[in-house]
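Student: What follows is the file my_file_28.cif, containing mmCIF, C-alpha atoms:
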```cif
data_model
#
loop_
_atom_site.label_atom_id
_atom_site.label_comp_id
_atom_site.auth_asym_id
_atom_site.auth_seq_id
_atom_site.Cartn_x
_atom_site.Cartn_y
_atom_site.Cartn_z
CA SER A 1 -45.73 -44.01 -52.07
CA PHE A 2 -47.02 -41.00 -53.99
CA GLY A 3 -45.21 -38.66 -56.37
CA GLU A 4 -46.18 -35.66 -58.46
CA GLY A 5 -44.82 -34.93 -61.90
CA GLY A 6 -45.87 -34.15 -65.45
CA LEU A 7 -49.51 -34.49 -66.49
CA ALA A 8 -50.27 -37.28 -64.03
CA ASP A 9 -49.42 -38.16 -60.47
CA HIS A 10 -47.88 -41.50 -59.66
CA VAL A 11 -48.56 -44.13 -57.00
CA ILE A 12 -46.54 -47.23 -56.15
CA ILE A 13 -47.87 -49.91 -53.82
CA GLY A 14 -45.89 -52.77 -52.33
CA ALA A 15 -47.49 -56.21 -51.97
CA PRO A 16 -44.85 -58.42 -50.33
CA GLY A 17 -47.17 -61.39 -49.89
CA VAL A 18 -48.08 -61.81 -53.56
CA ASP A 19 -47.86 -65.41 -54.77
CA LEU A 20 -47.36 -65.88 -58.48
CA GLY A 21 -48.41 -69.51 -58.49
CA GLY A 22 -46.55 -72.79 -58.58
CA PHE A 23 -43.40 -72.62 -56.49
CA PHE A 24 -43.35 -68.81 -56.43
CA VAL A 25 -44.82 -68.36 -52.95
CA GLY A 26 -44.22 -65.00 -51.26
CA GLN A 27 -42.33 -63.63 -54.23
CA GLY A 28 -43.96 -60.24 -53.70
CA ALA A 29 -44.58 -57.41 -56.14
CA LEU A 30 -44.68 -53.66 -56.63
CA TYR A 31 -47.61 -52.10 -58.47
CA ARG A 32 -47.44 -48.80 -60.31
CA TYR A 33 -50.42 -46.58 -61.12
CA SER A 34 -50.88 -43.15 -62.63
CA VAL A 35 -53.64 -40.84 -61.35
CA ASP A 36 -55.11 -38.07 -63.48
CA ALA A 37 -56.53 -34.70 -62.38
CA ALA A 38 -59.89 -36.31 -61.67
CA PHE A 39 -58.22 -38.90 -59.39
CA ASN A 40 -58.88 -41.76 -61.80
CA PRO A 41 -56.21 -44.46 -61.37
CA THR A 42 -54.70 -46.32 -64.31
CA PHE A 43 -52.64 -49.45 -63.85
CA VAL A 44 -49.22 -49.04 -65.49
CA ALA A 45 -46.94 -51.91 -64.50
CA ARG A 46 -46.14 -54.63 -62.00
CA PHE A 47 -42.58 -55.47 -60.92
CA THR A 48 -42.13 -58.85 -59.23
CA GLY A 49 -39.53 -60.58 -57.12
CA SER A 50 -37.22 -63.09 -58.74
CA SER A 51 -37.47 -65.93 -56.21
CA PRO A 52 -39.95 -67.48 -53.74
CA GLY A 53 -39.94 -65.78 -50.36
CA ASP A 54 -38.30 -62.54 -51.57
CA SER A 55 -41.10 -60.38 -50.11
CA THR A 56 -40.58 -57.79 -52.83
CA GLY A 57 -42.27 -54.50 -51.96
CA THR A 58 -41.98 -54.83 -48.17
CA SER A 59 -41.03 -51.15 -48.29
CA CYS A 60 -41.19 -48.67 -51.14
CA SER A 61 -40.70 -45.03 -52.02
CA MET A 62 -40.36 -42.90 -55.12
CA VAL A 63 -38.17 -39.99 -56.20
CA MET A 64 -39.49 -37.51 -58.75
CA SER A 65 -37.48 -34.91 -60.63
CA GLU A 66 -38.43 -31.48 -61.90
CA GLY A 67 -38.80 -31.62 -65.67
CA GLY A 68 -38.31 -35.39 -65.64
CA SER A 69 -34.50 -35.30 -65.64
CA PRO A 70 -33.19 -37.54 -64.24
CA PRO A 71 -36.30 -39.73 -64.73
CA PRO A 72 -38.44 -40.75 -61.73
CA VAL A 73 -37.30 -43.86 -59.90
CA ALA A 74 -39.19 -46.32 -57.70
CA LEU A 75 -37.17 -47.83 -54.87
CA PHE A 76 -38.43 -50.93 -53.09
CA GLY A 77 -37.08 -53.26 -50.48
CA VAL A 78 -36.57 -56.98 -51.01
CA PRO A 79 -35.39 -57.99 -47.52
CA PHE A 80 -35.29 -61.75 -48.17
CA ASP A 81 -33.45 -61.53 -51.48
CA ASP A 82 -30.75 -64.19 -51.73
CA SER A 83 -28.76 -62.85 -54.69
CA GLU A 84 -25.87 -61.77 -52.45
CA GLY A 85 -26.39 -64.40 -49.73
CA ALA A 86 -29.28 -66.00 -47.87
CA ASP A 87 -31.66 -63.23 -46.72
CA ALA A 88 -28.98 -60.60 -47.32
CA GLY A 89 -31.66 -58.39 -48.82
CA ALA A 90 -31.52 -55.64 -51.41
CA VAL A 91 -33.15 -52.44 -52.53
CA ARG A 92 -34.28 -52.51 -56.14
CA ALA A 93 -34.47 -49.39 -58.32
CA GLN A 94 -36.88 -49.22 -61.24
CA ASN A 95 -36.61 -46.39 -63.75
CA LEU A 96 -40.19 -45.22 -64.29
CA GLY A 97 -39.28 -43.40 -67.48
CA ASN A 98 -38.46 -46.56 -69.42
CA ASN A 99 -39.62 -49.27 -66.93
CA MET A 100 -36.11 -50.68 -66.89
CA ALA A 101 -34.33 -51.91 -63.78
CA GLU A 102 -31.39 -49.92 -62.43
CA PRO A 103 -28.55 -51.43 -60.36
CA ASP A 104 -29.60 -52.91 -56.99
CA LEU A 105 -28.39 -51.31 -53.77
CA VAL A 106 -26.52 -54.07 -51.89
CA PRO A 107 -23.79 -52.37 -49.85
CA ASP A 108 -22.43 -55.22 -47.73
CA SER A 109 -24.00 -58.38 -49.18
CA ILE A 110 -23.99 -60.07 -45.76
CA VAL A 111 -26.09 -63.17 -45.08
CA GLY A 112 -29.12 -62.47 -42.89
CA ASN A 113 -28.96 -58.65 -42.88
CA ARG A 114 -32.43 -58.27 -44.46
CA LEU A 115 -31.47 -55.00 -46.10
CA GLY A 116 -34.52 -53.16 -47.40
CA ARG A 117 -36.86 -54.03 -44.53
CA THR A 118 -37.56 -50.28 -44.40
CA VAL A 119 -36.83 -47.31 -46.66
CA ALA A 120 -37.33 -43.56 -46.29
CA LEU A 121 -36.72 -41.04 -49.04
CA ASP A 122 -36.52 -37.25 -49.09
CA GLY A 123 -35.37 -35.58 -52.28
CA ASP A 124 -32.15 -37.25 -53.37
CA THR A 125 -31.38 -38.83 -49.98
CA LEU A 126 -32.42 -42.39 -49.16
CA ALA A 127 -32.28 -44.22 -45.82
CA VAL A 128 -32.44 -48.04 -45.80
CA GLY A 129 -32.90 -50.23 -42.75
CA ALA A 130 -31.02 -53.51 -42.29
CA PRO A 131 -32.34 -54.56 -38.86
CA TYR A 132 -30.38 -57.82 -38.64
CA ASP A 133 -26.95 -56.34 -39.39
CA ASP A 134 -24.35 -57.60 -36.89
CA ASP A 135 -21.63 -54.93 -37.12
CA ALA A 136 -22.51 -53.43 -33.70
CA GLY A 137 -23.52 -56.75 -32.16
CA PRO A 138 -25.78 -59.74 -32.93
CA ASN A 139 -28.89 -58.39 -34.69
CA ALA A 140 -28.03 -54.88 -33.54
CA GLY A 141 -29.16 -53.51 -36.88
CA ALA A 142 -27.99 -50.65 -39.08
CA VAL A 143 -29.22 -47.93 -41.40
CA TYR A 144 -27.53 -47.09 -44.70
CA VAL A 145 -27.80 -43.61 -46.20
CA TYR A 146 -27.49 -43.02 -49.94
CA VAL A 147 -27.47 -39.83 -51.99
CA ARG A 148 -28.32 -39.52 -55.68
CA SER A 149 -26.40 -37.36 -58.13
CA ALA A 150 -26.97 -37.41 -61.90
CA GLY A 151 -29.15 -40.47 -61.44
CA VAL A 152 -26.50 -42.49 -59.57
CA TRP A 153 -26.92 -43.62 -55.93
CA THR A 154 -23.81 -43.52 -53.71
CA GLN A 155 -23.54 -44.67 -50.10
CA GLN A 156 -22.94 -41.73 -47.79
CA ALA A 157 -23.06 -43.35 -44.36
CA LYS A 158 -23.74 -46.48 -42.35
CA LEU A 159 -25.24 -45.77 -38.92
CA THR A 160 -25.12 -48.27 -36.05
CA VAL A 161 -25.69 -48.26 -32.29
CA SER A 162 -24.09 -50.76 -29.95
CA LEU A 163 -26.09 -52.61 -27.29
CA THR A 164 -29.35 -52.29 -29.19
CA GLN A 165 -31.56 -54.67 -31.15
CA LEU A 166 -33.00 -54.40 -34.68
CA LEU A 167 -32.03 -50.82 -35.32
CA GLY A 168 -33.58 -49.76 -38.61
CA GLY A 169 -36.88 -51.53 -37.95
CA SER A 170 -38.41 -48.17 -38.86
CA VAL A 171 -36.95 -45.06 -40.49
CA ALA A 172 -38.17 -41.54 -41.23
CA LEU A 173 -36.25 -38.86 -43.09
CA GLU A 174 -36.75 -35.15 -43.61
CA GLY A 175 -33.98 -32.94 -44.93
CA ASP A 176 -30.88 -33.49 -42.83
CA VAL A 177 -32.66 -35.24 -39.94
CA LEU A 178 -33.09 -39.00 -39.77
CA ALA A 179 -35.17 -40.81 -37.13
CA ILE A 180 -34.44 -44.50 -36.60
CA GLY A 181 -36.52 -46.94 -34.58
CA THR A 182 -35.61 -50.25 -33.01
CA GLN A 183 -38.06 -53.09 -33.34
CA ASN A 184 -37.47 -55.92 -30.93
CA GLY A 185 -40.83 -56.25 -29.21
CA SER A 186 -39.85 -54.68 -25.88
CA GLY A 187 -37.80 -51.74 -24.71
CA ASN A 188 -37.90 -50.07 -28.11
CA ALA A 189 -36.36 -46.66 -28.71
CA VAL A 190 -35.97 -43.96 -31.34
CA TYR A 191 -32.60 -42.52 -32.33
CA VAL A 192 -31.89 -39.34 -34.27
CA SER A 193 -28.97 -38.56 -36.58
CA ARG A 194 -28.30 -35.19 -38.20
CA ARG A 195 -26.31 -34.41 -41.32
CA THR A 196 -23.83 -31.57 -41.52
CA GLY A 197 -22.44 -31.24 -45.01
CA SER A 198 -22.01 -34.88 -45.98
CA THR A 199 -21.37 -36.19 -42.45
CA TRP A 200 -24.04 -37.85 -40.32
CA SER A 201 -23.78 -37.65 -36.53
CA ALA A 202 -23.73 -40.75 -34.36
CA PRO A 203 -27.37 -41.61 -33.57
CA SER A 204 -28.54 -40.23 -30.22
CA ILE A 205 -31.48 -41.65 -28.33
CA LEU A 206 -34.74 -39.80 -27.79
CA PRO A 207 -35.67 -40.73 -24.22
CA PRO A 208 -39.41 -41.26 -23.71
CA SER A 209 -41.15 -39.24 -21.02
CA ALA A 210 -42.61 -42.47 -19.66
CA SER A 211 -42.48 -46.05 -20.81
CA THR A 212 -43.33 -49.57 -19.77
CA ALA A 213 -42.20 -52.97 -20.94
CA GLY A 214 -43.66 -53.87 -24.30
CA ASP A 215 -44.22 -50.29 -25.51
#
```
Go ahead and express the file in the form of structure tokens.
Tutor:
Amino acid sequence: SFGEGGLADHVIIGAPGVDLGGFFVGQGALYRYSVDAAFNPTFVARFTGSSPGDSTGTSCSMVMSEGGSPPPVALFGVPFDDSEGADAGAVRAQNLGNNMAEPDLVPDSIVGNRLGRTVALDGDTLAVGAPYDDDAGPNAGAVYVYVRSAGVWTQQAKLTVSLTQLLGGSVALEGDVLAIGTQNGSGNAVYVSRRTGSTWSAPSILPPSASTAGD
């Protein structure tokens, strides 16, 4: 993820397969760099997962603020985090102004949801995929939408679709339009939800012009 602000630009890179040695296999990490006007990168910090198999940095994005207030924040998915239950997942928030952690985003804390498999950020709106959420059916998947105000993230919506599989396997966000992909290996689809005010519409499918099994 790339962000502009101040005298240097900022880059964060997820490395979910990083092993820190010993028993910390697959802990994962997020790397932060600054890039000056001549495109010279400088390593700034590394944030790591807390447990083996966390896959920290599977997804990542960054929110910048004009004038640095509130400070820039890196958001990164930890889909196999067990803090709230086995593979419940989480999205971590790291304040890039002071390099301190902010509260995790863990809306439901349900075993096996793998929250944070995907993230998409536009301005102060964040979409987070939890492809193994079971609310709409076994492994039907879900996408959570958060908005940030005064530096605080608040859940605005949870979007699900019945009779689908692994919704939230991919997400893309621009303004008030959110595209959500399924990811089950065959018969995949893309759904679109639109925001009016603070309300998101039920996701509607984008039918392909032509498709075959395995697309």
Student: For this file, the PyMOL selection byres ((chain A and resi 89) around 9) selects which residues, as number ranges by chain?
Tutor: A: 54, 77-88, 90-91, 106, 109-117, 130
Student: Calculate how many Å separate CA of Asn98 in chain A from CA of Pro71 in chain A, rounding to one decimal.
Tutor: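 According to the coordinates, CA of Asn98 in chain A and CA of Pro71 in chain A are separated by 8.6 Å.
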Student: Using all atoms listed in the file, I'd like a table of the residues in range 14-132 of chain A that come within 12 Å of range 173-184 of chain A; for each, show the closest atom pair and its distance in Å rounded to one decimal, ordered by chain and ascending number, as a Markdown table.
Tutor:
```
| residue | atom | partner | partner_atom | distance |
| --- | --- | --- | --- | --- |
| A:Ser61 | CA | A:Leu173 | CA | 11.7 |
| A:Arg117 | CA | A:Gln183 | CA | 11.3 |
| A:Thr118 | CA | A:Ile180 | CA | 10.2 |
| A:Val119 | CA | A:Leu173 | CA | 9.2 |
| A:Ala120 | CA | A:Leu173 | CA | 5.8 |
| A:Leu121 | CA | A:Leu173 | CA | 6.4 |
| A:Asp122 | CA | A:Glu174 | CA | 5.9 |
| A:Gly123 | CA | A:Gly175 | CA | 7.9 |
| A:Asp124 | CA | A:Gly175 | CA | 9.7 |
| A:Thr125 | CA | A:Gly175 | CA | 8.2 |
| A:Leu126 | CA | A:Leu173 | CA | 8.0 |
| A:Ala127 | CA | A:Leu173 | CA | 7.2 |
| A:Val128 | CA | A:Ile180 | CA | 10.1 |
| A:Gly129 | CA | A:Ile180 | CA | 8.5 |
| A:Ala130 | CA | A:Thr182 | CA | 10.9 |
| A:Pro131 | CA | A:Thr182 | CA | 8.0 |
| A:Tyr132 | CA | A:Gln183 | CA | 10.5 |
```
Student: Dump C-alpha atoms for the selected residues as a PDB file, keeping the file's coordinate frame?
Tutor:
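The result, written out as result-v9.pdb:
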```pdb
ATOM      1  CA  SER A  61     -40.700 -45.030 -52.020  1.00  0.00           C
ATOM      2  CA  ARG A 117     -36.860 -54.030 -44.530  1.00  0.00           C
ATOM      3  CA  THR A 118     -37.560 -50.280 -44.400  1.00  0.00           C
ATOM      4  CA  VAL A 119     -36.830 -47.310 -46.660  1.00  0.00           C
ATOM      5  CA  ALA A 120     -37.330 -43.560 -46.290  1.00  0.00           C
ATOM      6  CA  LEU A 121     -36.720 -41.040 -49.040  1.00  0.00           C
ATOM      7  CA  ASP A 122     -36.520 -37.250 -49.090  1.00  0.00           C
ATOM      8  CA  GLY A 123     -35.370 -35.580 -52.280  1.00  0.00           C
ATOM      9  CA  ASP A 124     -32.150 -37.250 -53.370  1.00  0.00           C
ATOM     10  CA  THR A 125     -31.380 -38.830 -49.980  1.00  0.00           C
ATOM     11  CA  LEU A 126     -32.420 -42.390 -49.160  1.00  0.00           C
ATOM     12  CA  ALA A 127     -32.280 -44.220 -45.820  1.00  0.00           C
ATOM     13  CA  VAL A 128     -32.440 -48.040 -45.800  1.00  0.00           C
ATOM     14  CA  GLY A 129     -32.900 -50.230 -42.750  1.00  0.00           C
ATOM     15  CA  ALA A 130     -31.020 -53.510 -42.290  1.00  0.00           C
ATOM     16  CA  PRO A 131     -32.340 -54.560 -38.860  1.00  0.00           C
ATOM     17  CA  TYR A 132     -30.380 -57.820 -38.640  1.00  0.00           C
TER      18      TYR A 132
END
```
Student: Do you have the CA of Glu102 in chain A-CA of Val152 in chain A distance handy?
Tutor: 9.3 Å
Student: Run the PyMOL selection byres ((chain A and resi 13) around 7) against the file shown and list the residues it catches, as number ranges by chain.
Tutor: A: 1, 11-12, 14-15, 30-32
Student: Could you write out the selected residues, including C-alpha atoms, as an mmCIF file, in the coordinates of the input?
Tutor:
```
data_model
loop_
_atom_site.group_PDB
_atom_site.id
_atom_site.type_symbol
_atom_site.label_atom_id
_atom_site.label_comp_id
_atom_site.auth_asym_id
_atom_site.auth_seq_id
_atom_site.Cartn_x
_atom_site.Cartn_y
_atom_site.Cartn_z
ATOM 1 C CA SER A 1 -45.730 -44.010 -52.070
ATOM 2 C CA VAL A 11 -48.560 -44.130 -57.000
ATOM 3 C CA ILE A 12 -46.540 -47.230 -56.150
ATOM 4 C CA GLY A 14 -45.890 -52.770 -52.330
ATOM 5 C CA ALA A 15 -47.490 -56.210 -51.970
ATOM 6 C CA LEU A 30 -44.680 -53.660 -56.630
ATOM 7 C CA TYR A 31 -47.610 -52.100 -58.470
ATOM 8 C CA ARG A 32 -47.440 -48.800 -60.310
#
```
Student: Could you check the closest approach to Ala142 in chain A for each of A:Thr58, A:Thr154, A:Pro207, A:Thr160 and tell me which residue wins, using all atoms listed in the file?
Tutor: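 Looking only at the distances to Ala142 in chain A, the closest residue turns out to be A:Thr160.
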Student: To one decimal place in Å, what is the distance between CA of Gly17 in chain A and CA of Ser50 in chain A?
Tutor: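 Straight-line distance from CA of Gly17 in chain A to CA of Ser50 in chain A works out to 13.4 Å.
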Student: For range 131-144 of chain A, supply N, CA, C and O atoms and report the output as a PDB file, in the frame of the given file.
Tutor:
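See rebuild_27.pdb below for the written result:
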```
ATOM      1  N   PRO A 131     -32.210 -54.339 -40.300  1.00  0.00           N
ATOM      2  CA  PRO A 131     -32.340 -54.560 -38.860  1.00  0.00           C
ATOM      3  C   PRO A 131     -31.591 -55.755 -38.292  1.00  0.00           C
ATOM      4  O   PRO A 131     -31.435 -55.847 -37.070  1.00  0.00           O
ATOM      5  N   TYR A 132     -31.104 -56.650 -39.145  1.00  0.00           N
ATOM      6  CA  TYR A 132     -30.380 -57.820 -38.640  1.00  0.00           C
ATOM      7  C   TYR A 132     -28.876 -57.727 -38.897  1.00  0.00           C
ATOM      8  O   TYR A 132     -28.170 -58.729 -38.784  1.00  0.00           O
ATOM      9  N   ASP A 133     -28.399 -56.545 -39.218  1.00  0.00           N
ATOM     10  CA  ASP A 133     -26.950 -56.340 -39.390  1.00  0.00           C
ATOM     11  C   ASP A 133     -26.245 -56.589 -38.053  1.00  0.00           C
ATOM     12  O   ASP A 133     -26.745 -56.215 -36.981  1.00  0.00           O
ATOM     13  N   ASP A 134     -25.061 -57.196 -38.112  1.00  0.00           N
ATOM     14  CA  ASP A 134     -24.350 -57.600 -36.890  1.00  0.00           C
ATOM     15  C   ASP A 134     -23.108 -56.762 -36.595  1.00  0.00           C
ATOM     16  O   ASP A 134     -22.347 -57.111 -35.676  1.00  0.00           O
ATOM     17  N   ASP A 135     -22.861 -55.690 -37.326  1.00  0.00           N
ATOM     18  CA  ASP A 135     -21.630 -54.930 -37.120  1.00  0.00           C
ATOM     19  C   ASP A 135     -21.486 -54.430 -35.685  1.00  0.00           C
ATOM     20  O   ASP A 135     -20.376 -54.400 -35.128  1.00  0.00           O
ATOM     21  N   ALA A 136     -22.584 -53.982 -35.062  1.00  0.00           N
ATOM     22  CA  ALA A 136     -22.510 -53.430 -33.700  1.00  0.00           C
ATOM     23  C   ALA A 136     -22.927 -54.448 -32.649  1.00  0.00           C
ATOM     24  O   ALA A 136     -23.061 -54.108 -31.475  1.00  0.00           O
ATOM     25  N   GLY A 137     -23.112 -55.693 -33.077  1.00  0.00           N
ATOM     26  CA  GLY A 137     -23.520 -56.750 -32.160  1.00  0.00           C
ATOM     27  C   GLY A 137     -24.545 -57.631 -32.843  1.00  0.00           C
ATOM     28  O   GLY A 137     -25.119 -57.258 -33.876  1.00  0.00           O
ATOM     29  N   PRO A 138     -24.817 -58.828 -32.309  1.00  0.00           N
ATOM     30  CA  PRO A 138     -25.780 -59.740 -32.930  1.00  0.00           C
ATOM     31  C   PRO A 138     -27.152 -59.081 -33.109  1.00  0.00           C
ATOM     32  O   PRO A 138     -27.771 -58.649 -32.138  1.00  0.00           O
ATOM     33  N   ASN A 139     -27.591 -58.982 -34.364  1.00  0.00           N
ATOM     34  CA  ASN A 139     -28.890 -58.390 -34.690  1.00  0.00           C
ATOM     35  C   ASN A 139     -29.053 -56.976 -34.140  1.00  0.00           C
ATOM     36  O   ASN A 139     -30.172 -56.538 -33.842  1.00  0.00           O
ATOM     37  N   ALA A 140     -27.949 -56.265 -34.025  1.00  0.00           N
ATOM     38  CA  ALA A 140     -28.030 -54.880 -33.540  1.00  0.00           C
ATOM     39  C   ALA A 140     -28.702 -53.979 -34.555  1.00  0.00           C
ATOM     40  O   ALA A 140     -29.369 -53.005 -34.205  1.00  0.00           O
ATOM     41  N   GLY A 141     -28.523 -54.294 -35.833  1.00  0.00           N
ATOM     42  CA  GLY A 141     -29.160 -53.510 -36.880  1.00  0.00           C
ATOM     43  C   GLY A 141     -28.310 -52.343 -37.357  1.00  0.00           C
ATOM     44  O   GLY A 141     -27.325 -51.948 -36.717  1.00  0.00           O
ATOM     45  N   ALA A 142     -28.718 -51.779 -38.494  1.00  0.00           N
ATOM     46  CA  ALA A 142     -27.990 -50.650 -39.080  1.00  0.00           C
ATOM     47  C   ALA A 142     -28.907 -49.932 -40.060  1.00  0.00           C
ATOM     48  O   ALA A 142     -29.913 -50.470 -40.514  1.00  0.00           O
ATOM     49  N   VAL A 143     -28.537 -48.699 -40.366  1.00  0.00           N
ATOM     50  CA  VAL A 143     -29.220 -47.930 -41.400  1.00  0.00           C
ATOM     51  C   VAL A 143     -28.170 -47.392 -42.366  1.00  0.00           C
ATOM     52  O   VAL A 143     -27.155 -46.819 -41.938  1.00  0.00           O
ATOM     53  N   TYR A 144     -28.408 -47.598 -43.649  1.00  0.00           N
ATOM     54  CA  TYR A 144     -27.530 -47.090 -44.700  1.00  0.00           C
ATOM     55  C   TYR A 144     -28.158 -45.829 -45.287  1.00  0.00           C
ATOM     56  O   TYR A 144     -29.373 -45.774 -45.492  1.00  0.00           O
TER      57      TYR A 144
END
```
